[in-house]
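Notes follow once the structure below has been shown.
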Amino acid sequence: RDRPHADRSHRPNQGPNGVRGPGDSFPEEGAALLREKISAHPEVAVILGSGLSDAAKDFEIDVDLPFSSLPGFPALSVLGHSGRLVIGRLAGVLAAVFLGRVHFYEGHSMGVVTLPTRLAAALGAGTLIVTAAVGALDPALRPGTLVVGEDHLNFLGENPLRGWADDDGGRFFTDLSTAYDPGSPSPPQIKTDSRPREGCMPRCLDQPTRHRPR
């Protein structure tokens with residue numbers, strides 16, 4: 001089937017439930033396909049970044065599908081992202097785990113980049129956990145340090161909610177003050193970073209100016 005993710009010029013259209021979104025119904029189509037294979041909705045969705053595809057090996061797997069079988073999902077081009085969706089149980093919790101993510105710097109629109117998140121929401125997942133391999137300006141954060149982010153700054157020059165509207169056509173503003181759950185417990189071996197993560201336009205590494213102390 002034709003997939004509009006290659007066309008970055010398409011504009012939001014009327015979507016499901018009257019909410020104007022990226023102009024596709026791929027999450028609802030994918031959720032309908034997956035509901036035929038699972039008996040309950042996942043409580044948690046996890047998007048695993050670079051090098052973490054093996055993290056799902058301890059799951060009691062019910063469904064294991066390549067991204068290519070999910071409506072609207074593009075092929076992944078970044079090493080370490082296997083591009084599979086696994087649904088199963090870990091410690092008794094039903095979870096949908098995306099092995100790899102769609103990156104903005106691969107040239108996709110935000111509507112495509114957010115497909116895993118939108119599919120997870122369509123499946124009924126109430127909690128989203130996203131992992132990433134990132135750099136840090138703090139020398140105390142050594143390579144391999146596990147960090148829990150508590151906020152972010154969007155320096156991408158783009159917002160995935162641009163163009164969305166309420167069912168009456170009016171613009172809305174999403175409250176991000178509780179996007180990160182401050183009450184989520186962290187294992188004692190994980191360092192919690194109280195500073196925000198910066199979301200910058202890739203693909204390049206930081207310039208020396210950004211490393212200079214203020």
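Following the order of the structure tokens, first chain is A, next is B, and so on, with residues numbered from 1 inside each chain and ligands from 1 in the order they appear.
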Would you give me, as a tab-separated table, each residue of stretch 100-156 of chain A having an atom within 10 Å of an atom of stretch 57-69 of chain A, along with its shortest atom pair and that distance in Å to one decimal, using only C-alpha atoms and sorting by chain and residue number?
residue	atom	partner	partner_atom	distance
A:Gly100	CA	A:Phe67	CA	9.4
A:Arg101	CA	A:Phe67	CA	9.9
A:Pro116	CA	A:Phe67	CA	9.6
Output file for the residues above (N, CA, C and O atoms, as a PDB file, in the first residue's frame):
ATOM      1  N   GLY A 100      13.585  -0.673  18.745  1.00  0.00           N
ATOM      2  CA  GLY A 100      14.057   0.331  17.797  1.00  0.00           C
ATOM      3  C   GLY A 100      13.043   1.439  17.648  1.00  0.00           C
ATOM      4  O   GLY A 100      11.868   1.272  17.955  1.00  0.00           O
ATOM      5  N   ARG A 101      13.512   2.585  17.185  1.00  0.00           N
ATOM      6  CA  ARG A 101      12.637   3.737  17.009  1.00  0.00           C
ATOM      7  C   ARG A 101      12.845   4.346  15.634  1.00  0.00           C
ATOM      8  O   ARG A 101      13.859   4.120  14.976  1.00  0.00           O
ATOM      9  N   PRO A 116       5.065   4.859  16.783  1.00  0.00           N
ATOM     10  CA  PRO A 116       5.069   3.914  17.911  1.00  0.00           C
ATOM     11  C   PRO A 116       4.291   4.435  19.120  1.00  0.00           C
ATOM     12  O   PRO A 116       3.526   3.691  19.738  1.00  0.00           O
TER      13      PRO A 116
END
Inset, instruction - With a distance cut-off of 9 Å and only C-alpha atoms, select the neighbouring residues of A:Ala125, excluding the residue or stretch itself and same-chain residues fewer than 4 positions from it, and output the selection as a ChimeraX atom specification. - result: /A:41-45,95-96,120-121
Keeping all heavy atoms for every residue in the selection just given, could you write it to a file as a PDB file, in the first residue's frame?
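What landed in selection_39.pdb:
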ATOM      1  N   HIS A  41      -5.276  -5.417  26.576  1.00  0.00           N
ATOM      2  CA  HIS A  41      -4.454  -4.308  26.105  1.00  0.00           C
ATOM      3  C   HIS A  41      -3.208  -4.175  26.979  1.00  0.00           C
ATOM      4  O   HIS A  41      -3.258  -4.411  28.196  1.00  0.00           O
ATOM      5  CB  HIS A  41      -5.254  -2.998  26.091  1.00  0.00           C
ATOM      6  CG  HIS A  41      -5.617  -2.477  27.455  1.00  0.00           C
ATOM      7  ND1 HIS A  41      -4.720  -1.824  28.271  1.00  0.00           N
ATOM      8  CD2 HIS A  41      -6.788  -2.491  28.133  1.00  0.00           C
ATOM      9  CE1 HIS A  41      -5.305  -1.476  29.395  1.00  0.00           C
ATOM     10  NE2 HIS A  41      -6.564  -1.866  29.348  1.00  0.00           N
ATOM     11  N   PRO A  42      -2.073  -3.805  26.384  1.00  0.00           N
ATOM     12  CA  PRO A  42      -0.845  -3.632  27.172  1.00  0.00           C
ATOM     13  C   PRO A  42      -0.997  -2.505  28.180  1.00  0.00           C
ATOM     14  O   PRO A  42      -1.592  -1.469  27.884  1.00  0.00           O
ATOM     15  CB  PRO A  42       0.208  -3.285  26.110  1.00  0.00           C
ATOM     16  CG  PRO A  42      -0.380  -3.724  24.801  1.00  0.00           C
ATOM     17  CD  PRO A  42      -1.856  -3.584  24.957  1.00  0.00           C
ATOM     18  N   GLU A  43      -0.461  -2.717  29.369  1.00  0.00           N
ATOM     19  CA  GLU A  43      -0.481  -1.669  30.382  1.00  0.00           C
ATOM     20  C   GLU A  43       0.648  -0.666  30.158  1.00  0.00           C
ATOM     21  O   GLU A  43       0.517   0.514  30.491  1.00  0.00           O
ATOM     22  CB  GLU A  43      -0.327  -2.287  31.776  1.00  0.00           C
ATOM     23  CG  GLU A  43      -1.411  -3.281  32.148  1.00  0.00           C
ATOM     24  CD  GLU A  43      -1.119  -3.962  33.471  1.00  0.00           C
ATOM     25  OE1 GLU A  43      -0.768  -3.241  34.436  1.00  0.00           O
ATOM     26  OE2 GLU A  43      -1.227  -5.197  33.552  1.00  0.00           O
ATOM     27  N   VAL A  44       1.736  -1.169  29.604  1.00  0.00           N
ATOM     28  CA  VAL A  44       2.949  -0.360  29.449  1.00  0.00           C
ATOM     29  C   VAL A  44       3.459  -0.498  28.019  1.00  0.00           C
ATOM     30  O   VAL A  44       3.371  -1.585  27.422  1.00  0.00           O
ATOM     31  CB  VAL A  44       4.052  -0.823  30.434  1.00  0.00           C
ATOM     32  CG1 VAL A  44       5.353  -0.060  30.214  1.00  0.00           C
ATOM     33  CG2 VAL A  44       3.579  -0.672  31.870  1.00  0.00           C
ATOM     34  N   ALA A  45       3.975   0.595  27.478  1.00  0.00           N
ATOM     35  CA  ALA A  45       4.671   0.555  26.200  1.00  0.00           C
ATOM     36  C   ALA A  45       6.112   0.986  26.423  1.00  0.00           C
ATOM     37  O   ALA A  45       6.384   1.893  27.226  1.00  0.00           O
ATOM     38  CB  ALA A  45       3.996   1.461  25.180  1.00  0.00           C
ATOM     39  N   ALA A  95       3.131  -5.868  28.257  1.00  0.00           N
ATOM     40  CA  ALA A  95       3.807  -4.694  27.708  1.00  0.00           C
ATOM     41  C   ALA A  95       3.968  -4.836  26.203  1.00  0.00           C
ATOM     42  O   ALA A  95       4.123  -5.939  25.675  1.00  0.00           O
ATOM     43  CB  ALA A  95       5.171  -4.503  28.367  1.00  0.00           C
ATOM     44  N   ALA A  96       3.927  -3.691  25.535  1.00  0.00           N
ATOM     45  CA  ALA A  96       4.243  -3.615  24.109  1.00  0.00           C
ATOM     46  C   ALA A  96       5.622  -2.980  23.990  1.00  0.00           C
ATOM     47  O   ALA A  96       5.824  -1.845  24.434  1.00  0.00           O
ATOM     48  CB  ALA A  96       3.200  -2.780  23.367  1.00  0.00           C
ATOM     49  N   ALA A 120       0.855   2.789  20.559  1.00  0.00           N
ATOM     50  CA  ALA A 120       0.762   2.376  21.964  1.00  0.00           C
ATOM     51  C   ALA A 120      -0.476   2.963  22.624  1.00  0.00           C
ATOM     52  O   ALA A 120      -1.184   2.285  23.375  1.00  0.00           O
ATOM     53  CB  ALA A 120       2.021   2.795  22.716  1.00  0.00           C
ATOM     54  N   ALA A 121      -0.760   4.239  22.339  1.00  0.00           N
ATOM     55  CA  ALA A 121      -1.948   4.875  22.912  1.00  0.00           C
ATOM     56  C   ALA A 121      -3.214   4.233  22.370  1.00  0.00           C
ATOM     57  O   ALA A 121      -4.183   4.019  23.114  1.00  0.00           O
ATOM     58  CB  ALA A 121      -1.928   6.366  22.597  1.00  0.00           C
TER      59      ALA A 121
END
Inset, instruction - For A:Gly144, please output as a PyMOL selection string all residues within 10 Å (counting only C-alpha atoms; exclusion window: fewer than 2 positions along the same chain). - result: chain A and resi 133-134+141-142+146-147
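When DSSP reads the backbone of this structure, the residues of stretch 77-191 of chain A it assigns to helix (DSSP H, G or I) are A:Phe104, A:Tyr105, A:Glu106, A:Met110, A:Gly111, A:Val112, A:Val113, A:Leu115, A:Pro116, A:Thr117, A:Arg118, A:Leu119, A:Ala120, A:Ala121, A:Ala122, A:Leu123.
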Write a file of the selected residues as an mmCIF file, in the first residue's frame, keeping N, CA, C and O atoms.
data_model
loop_
_atom_site.group_PDB
_atom_site.id
_atom_site.type_symbol
_atom_site.label_atom_id
_atom_site.label_comp_id
_atom_site.auth_asym_id
_atom_site.auth_seq_id
_atom_site.Cartn_x
_atom_site.Cartn_y
_atom_site.Cartn_z
ATOM 1 N N PHE A 104 13.773 11.232 13.647
ATOM 2 C CA PHE A 104 13.502 12.441 12.870
ATOM 3 C C PHE A 104 14.627 12.681 11.864
ATOM 4 O O PHE A 104 14.395 13.103 10.729
ATOM 5 N N TYR A 105 15.884 12.384 12.289
ATOM 6 C CA TYR A 105 17.015 12.668 11.401
ATOM 7 C C TYR A 105 17.116 11.693 10.227
ATOM 8 O O TYR A 105 17.931 11.897 9.333
ATOM 9 N N GLU A 106 16.288 10.648 10.230
ATOM 10 C CA GLU A 106 16.240 9.769 9.066
ATOM 11 C C GLU A 106 15.446 10.397 7.922
ATOM 12 O O GLU A 106 15.399 9.842 6.825
ATOM 13 N N MET A 110 7.203 14.202 11.543
ATOM 14 C CA MET A 110 6.876 13.925 12.938
ATOM 15 C C MET A 110 5.701 12.956 13.054
ATOM 16 O O MET A 110 5.610 12.189 14.005
ATOM 17 N N GLY A 111 4.797 12.980 12.078
ATOM 18 C CA GLY A 111 3.688 12.032 12.099
ATOM 19 C C GLY A 111 4.165 10.600 12.059
ATOM 20 O O GLY A 111 3.568 9.706 12.671
ATOM 21 N N VAL A 112 5.272 10.354 11.357
ATOM 22 C CA VAL A 112 5.835 9.009 11.272
ATOM 23 C C VAL A 112 6.700 8.707 12.493
ATOM 24 O O VAL A 112 6.657 7.602 13.044
ATOM 25 N N VAL A 113 7.488 9.691 12.927
ATOM 26 C CA VAL A 113 8.346 9.504 14.101
ATOM 27 C C VAL A 113 7.518 9.100 15.322
ATOM 28 O O VAL A 113 7.960 8.290 16.152
ATOM 29 N N LEU A 115 4.693 7.417 15.339
ATOM 30 C CA LEU A 115 3.819 6.256 15.130
ATOM 31 C C LEU A 115 3.886 5.247 16.276
ATOM 32 O O LEU A 115 2.832 4.762 16.722
ATOM 33 N N PRO A 116 5.065 4.859 16.783
ATOM 34 C CA PRO A 116 5.069 3.914 17.911
ATOM 35 C C PRO A 116 4.291 4.435 19.120
ATOM 36 O O PRO A 116 3.526 3.691 19.738
ATOM 37 N N THR A 117 4.462 5.715 19.448
ATOM 38 C CA THR A 117 3.741 6.291 20.580
ATOM 39 C C THR A 117 2.241 6.315 20.321
ATOM 40 O O THR A 117 1.434 5.985 21.207
ATOM 41 N N ARG A 118 1.846 6.682 19.122
ATOM 42 C CA ARG A 118 0.422 6.762 18.801
ATOM 43 C C ARG A 118 -0.208 5.371 18.745
ATOM 44 O O ARG A 118 -1.355 5.177 19.157
ATOM 45 N N LEU A 119 0.551 4.378 18.269
ATOM 46 C CA LEU A 119 0.041 3.008 18.268
ATOM 47 C C LEU A 119 -0.116 2.498 19.692
ATOM 48 O O LEU A 119 -1.114 1.845 20.028
ATOM 49 N N ALA A 120 0.855 2.789 20.559
ATOM 50 C CA ALA A 120 0.762 2.376 21.964
ATOM 51 C C ALA A 120 -0.476 2.963 22.624
ATOM 52 O O ALA A 120 -1.184 2.285 23.375
ATOM 53 N N ALA A 121 -0.760 4.239 22.339
ATOM 54 C CA ALA A 121 -1.948 4.875 22.912
ATOM 55 C C ALA A 121 -3.214 4.233 22.370
ATOM 56 O O ALA A 121 -4.183 4.019 23.114
ATOM 57 N N ALA A 122 -3.226 3.910 21.083
ATOM 58 C CA ALA A 122 -4.402 3.272 20.486
ATOM 59 C C ALA A 122 -4.645 1.894 21.082
ATOM 60 O O ALA A 122 -5.793 1.428 21.143
ATOM 61 N N LEU A 123 -3.577 1.229 21.538
ATOM 62 C CA LEU A 123 -3.712 -0.082 22.176
ATOM 63 C C LEU A 123 -4.172 0.020 23.627
ATOM 64 O O LEU A 123 -4.538 -0.979 24.227
#
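Here atom CA of A:Pro71 and atom CA of A:Gly30 stand 5.7 Å from one another.
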Legend entry - All strand (DSSP E or B) positions in stretch 95-160 of chain A, as number ranges by chain: A: 95-99, 127-130, 147-148, 152-155
Legend entry - For atom CA of A:Val78 and atom CA of A:Leu48, the interatomic separation in Å (one decimal):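 Separating atom CA of A:Val78 from atom CA of A:Leu48 is a distance of 12.9 Å.
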Inset, instruction - Quick one: pull the distance between atom CA of A:Leu85 and atom CA of A:Arg35, Å, one decimal. - result: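 Rounded to one decimal, the two atoms are 13.6 Å apart.
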Inset, instruction - Rank A:Ser50, A:Ser39, A:Ser25, A:Thr178 by their smallest atom-to-atom distance to A:Leu70, using only C-alpha atoms, and report the top residue only. - result: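 When distances to A:Leu70 are compared using only C-alpha atoms, the smallest one comes from A:Ser25.
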